[in-house]
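A.B. asks: Have a look at this one before I ask anything.
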Amino acid sequence: MDHSAILKNIAKHITLDEKEIARFTSLLSYREVKKKESLLREGERCRNINYVQSGVLRAYYIDKEGNESIIMFAINDWWVTDIYSFTTGHPAVMHIDALETSTVFQLPKNDLETLFVEIPAFERFFRIIMQNSYIREQLRSIQNLSLSAEERYLNFTQKYPDFMQRISQKQIASYLGITPEFLSVIRSKLRKGADRDERANDLS
């Protein structure tokens, strides 16, 4: 099993010796998640934190009317879980499934706790991962309150350019909290603006 990608991800924040690497990789489980297959369903216990080796996953919530709201996307080299359920042991409050066939390495909660004892550097690693995730969600919440839908879309395209060719406009609209139809209006407006700018540059 090739662990090079996840080990590079770990090495961004901590340094491990060969014995520690061997112990860490021995605790990982490899799983292929086919397109539209669920990795986690609301109401289940979330027992794993997941590293996305390849593919695209989404985490989302379904309200009482059946409307989906995407909480986050996770592409290759990202981590994803239902942190509420994973941490507390309570039933999951969101779903996680694959938007394209994906591969993940899973680390169970009990094994993660073991790592914290045996290799304390992992406490630092996962603290950094959780801090970064919290910061990202806090900034997103502020943007949802302070920016227009068009500004949020532009921010998304600039911050996550790799997502644009791999995630449908419907999924992006759900993440931004707008309808696909409204997103189409925004994209059309931006295209027309870009075309005007291009013609102006040609004439200058």
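Simple scheme: letters A, B, ... for chains in structure tokens order, numbers from 1 for residues in each chain, numbers from 1 for ligands in the order shown.
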Near Asp97 (chain A), counting only C-alpha atoms, which residues have an atom at most 10 Å away, once you skip same-chain residues fewer than 6 positions from it, shown as a count of residues only?

C.D. replies: 15

A.B. asks: Write out as a ChimeraX atom specification the set of residues from region 13-180 of chain A that DSSP, computed on the backbone, places in strand (DSSP E).

C.D. replies: /A:29-33,38-40,48-62,68-75,79-80,95-108

A.B. asks: Restricting it to C-alpha atoms, dump the selection as a compact mmCIF listing (two decimals), in the first residue's frame.

C.D. replies:
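Done, and the output landed in result-v1.txt:
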# COMPACT_ATOMS: atom_id res chain seq x y z
CA SER A 29 -7.39 1.21 6.86
CA TYR A 30 -7.67 1.72 3.10
CA ARG A 31 -11.10 2.08 1.49
CA GLU A 32 -12.44 2.81 -1.96
CA VAL A 33 -15.65 4.82 -2.02
CA SER A 38 -21.89 6.97 1.48
CA LEU A 39 -18.93 7.07 3.80
CA LEU A 40 -21.16 8.20 6.68
CA ASN A 48 -13.12 7.34 11.73
CA ILE A 49 -11.25 10.41 10.63
CA ASN A 50 -10.61 10.16 6.89
CA TYR A 51 -7.68 11.26 4.72
CA VAL A 52 -8.66 11.63 1.07
CA GLN A 53 -5.95 10.09 -1.07
CA SER A 54 -7.84 10.65 -4.31
CA GLY A 55 -11.26 11.81 -5.45
CA VAL A 56 -13.85 14.25 -4.09
CA LEU A 57 -16.08 13.89 -1.04
CA ARG A 58 -18.75 16.19 0.31
CA ALA A 59 -20.13 16.58 3.82
CA TYR A 60 -23.71 17.83 3.93
CA TYR A 61 -26.80 18.27 6.10
CA ILE A 62 -30.40 17.48 5.10
CA GLU A 68 -29.34 19.57 1.21
CA SER A 69 -26.80 22.09 2.49
CA ILE A 70 -23.18 21.27 1.78
CA ILE A 71 -20.92 21.94 4.75
CA MET A 72 -17.60 21.22 3.05
CA PHE A 73 -15.86 19.51 0.16
CA ALA A 74 -12.77 17.36 0.54
CA ILE A 75 -10.49 16.56 -2.39
CA TRP A 79 -9.05 15.37 5.90
CA VAL A 80 -12.79 14.99 6.56
CA HIS A 95 -23.75 12.79 5.70
CA ILE A 96 -20.46 12.21 3.87
CA ASP A 97 -20.46 10.70 0.37
CA ALA A 98 -18.36 10.62 -2.79
CA LEU A 99 -18.92 12.93 -5.75
CA GLU A 100 -16.51 10.79 -7.75
CA THR A 101 -14.91 7.43 -7.04
CA SER A 102 -12.47 8.16 -4.24
CA THR A 103 -9.91 6.42 -2.04
CA VAL A 104 -9.40 7.20 1.62
CA PHE A 105 -7.26 6.15 4.53
CA GLN A 106 -9.31 5.80 7.69
CA LEU A 107 -8.03 6.15 11.25
CA PRO A 108 -10.39 4.96 14.00

A.B. asks: CA of Leu183 (chain A) to CA of Asn132 (chain A): how many Å, to one decimal?

C.D. replies: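 Atom-to-atom, CA of Leu183 (chain A) to CA of Asn132 (chain A), that is 27.8 Å.
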
A.B. asks: Could you give me the residues within chain A that DSSP places in alpha helix (DSSP H), as JSON, numbers by chain?

C.D. replies: {"A": [4, 5, 6, 7, 8, 9, 10, 11, 18, 19, 20, 21, 22, 23, 24, 25, 26, 83, 84, 85, 86, 87, 88, 109, 110, 111, 112, 113, 114, 115, 116, 117, 118, 121, 122, 123, 124, 125, 126, 127, 128, 129, 130, 131, 132, 133, 134, 135, 136, 137, 138, 139, 140, 141, 142, 143, 144, 145, 146, 149, 150, 151, 152, 153, 154, 155, 156, 157, 158, 159, 169, 170, 171, 172, 173, 174, 175, 176, 180, 181, 182, 183, 184, 185, 186, 187, 188, 189, 190, 191, 192, 193, 194, 195, 196, 197, 198, 199, 200, 201, 202, 203]}

A.B. asks: Quick one: distance from CA of Asp82 (chain A) to CA of Met1 (chain A) in Å, one decimal?

C.D. replies: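 Separation between CA of Asp82 (chain A) and CA of Met1 (chain A): 25.9 Å.
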
A.B. asks: Name all residues at most 12 Å from Ser4 (chain A) (count only C-alpha atoms; drop same-chain ones fewer than 2 positions away) and give them as a list of chain:residue names.

C.D. replies: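 Selected residues are A:Met1, A:Asp2, A:Ile6, A:Leu7, A:Lys8, A:Asn9, A:Ile10, A:Ala11, A:Ile21, A:Thr25, A:Gln53, A:Asp77, A:Phe105.
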
A.B. asks: In Å to one decimal, how far is CA of His90 (chain A) from CA of Phe126 (chain A)?

C.D. replies: 20.4 Å

A.B. asks: From the list A:Lys12, A:Arg45, A:Arg140, A:Arg166, which residue is nearest Met94 (chain A) when using only C-alpha atoms?

C.D. replies: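 Closest residue, counting only C-alpha atoms: A:Arg45.
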
A.B. asks: Which residues come within 10 Å of Ser85 (chain A), counting only C-alpha atoms, excluding same-chain residues fewer than 6 positions away, as a list of chain:residue names?

C.D. replies: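 Within the cut-off, the hits are A:Glu42, A:Gly43, A:Glu44, A:Arg45, A:Cys46, A:Arg47, A:Asn48, A:Pro91, A:Ala92, A:Val93, A:Met94.
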